[in-house]
Amino acid sequence: MDRHIYQSEHDFMHKLEELLKSGVKPEEIETRTPHPVHHAEELLAEPQSNVRLFTLVGGICGVATGYLFPSLTALDWPLYVGNKPLVGIPPYTVIAFELMVLFGGLSGFLGLLVTARMPGVRTIISDDVFPDQFEIYVKKD
């Protein structure tokens with residue numbers, strides 16, 4: 001891993017733009033700065049996370065479970081009361097909503113762990129080493 005250290009934001013941004021123009025992929029570059037540098041974030045734009053897809057699939061599974069489980073239970077053990085329909089959708093909506101929230105939340109958390117590759121062992125660089133410098137790390141293959 002190549003490491004470049006700069007004292008000024010201008011030199012840091014110049015080297016970052018130079019690396020990107022030379023063909024280094026943004027995925028191979030990591031930066032550490034003492035304060036947020038928004039232009040660097042724009043240059044190294046990360047793709048959108050897939051956690052929302054995990055949450056969507058979990059929520060849809062929760063709704064399906066919330067309607068199917070009570071409906072199939074009512075069909076398996078019928079209880080006819082007051083000439084009402086055996087399978088009524090409105091009473092099961094509360095159960096479907098609650099299971100949508102539960103499954104969506106749990107699958108979103110699972111998606112976070114999967115997409116962040118957690119738990120994992122990585123090199124951790126202490127903030128105390130270079131607290132006021134701009135750093136660029138370029139991963140080598």
# chains A, B, ... in the order shown; residues from 1 in each chain; ligands from 1

$ closest_atom_pairs --of "region 34-56 of chain A" --to "region 108-114 of chain A" --cutoff "12 Å" --atoms "only C-alpha atoms" --output "JSON lines"
{"residue": "A:Ser49", "atom": "CA", "partner": "A:Leu112", "partner_atom": "CA", "distance": 8.9}
{"residue": "A:Asn50", "atom": "CA", "partner": "A:Gly111", "partner_atom": "CA", "distance": 7.4}
{"residue": "A:Val51", "atom": "CA", "partner": "A:Gly111", "partner_atom": "CA", "distance": 5.0}
{"residue": "A:Arg52", "atom": "CA", "partner": "A:Gly108", "partner_atom": "CA", "distance": 6.9}
{"residue": "A:Leu53", "atom": "CA", "partner": "A:Gly108", "partner_atom": "CA", "distance": 8.2}
{"residue": "A:Phe54", "atom": "CA", "partner": "A:Gly111", "partner_atom": "CA", "distance": 5.5}
{"residue": "A:Thr55", "atom": "CA", "partner": "A:Gly108", "partner_atom": "CA", "distance": 4.5}
{"residue": "A:Leu56", "atom": "CA", "partner": "A:Gly108", "partner_atom": "CA", "distance": 8.3}

$ closest_residue --among "A:Val24, A:His4, A:Pro70, A:Gly58" --to "Met100 (chain A)" --atoms "only C-alpha atoms"
A:Gly58

$ closest_residue --among "A:Lys15, A:Met1, A:Val81, A:Gln7" --to "Glu28 (chain A)" --atoms "only C-alpha atoms"
A:Met1

$ select_by_dssp --residues "chain A" --states "strand (DSSP E)" --output "list in words"
Asp2, Arg3, His4, Ile5, Tyr6, Ile29, Glu30, Thr31, Arg32, Phe134, Glu135, Ile136, Tyr137 and Val138 of chain A

$ closest_atom_pairs --of "region 17-65 of chain A" --to "region 95-98 of chain A" --cutoff "10 Å" --atoms "only C-alpha atoms" --output "CSV"
residue,atom,partner,partner_atom,distance
A:Gly59,CA,A:Phe97,CA,8.8
A:Ile60,CA,A:Ala96,CA,9.5
A:Cys61,CA,A:Ala96,CA,9.6
A:Gly62,CA,A:Ala96,CA,6.5
A:Val63,CA,A:Ala96,CA,4.6
A:Ala64,CA,A:Ala96,CA,7.2
A:Thr65,CA,A:Ala96,CA,7.0

$ select_by_dssp --residues "chain A" --states "alpha helix (DSSP H)" --output "count of residues only"
72

$ closest_residue --among "A:Leu102, A:Pro90, A:Thr33, A:Ile136" --to "Glu18 (chain A)" --atoms "only C-alpha atoms"
A:Ile136

$ atom_distance --atom1 "CA of Pro78 (chain A)" --atom2 "CA of Val101 (chain A)"
28.4 Å
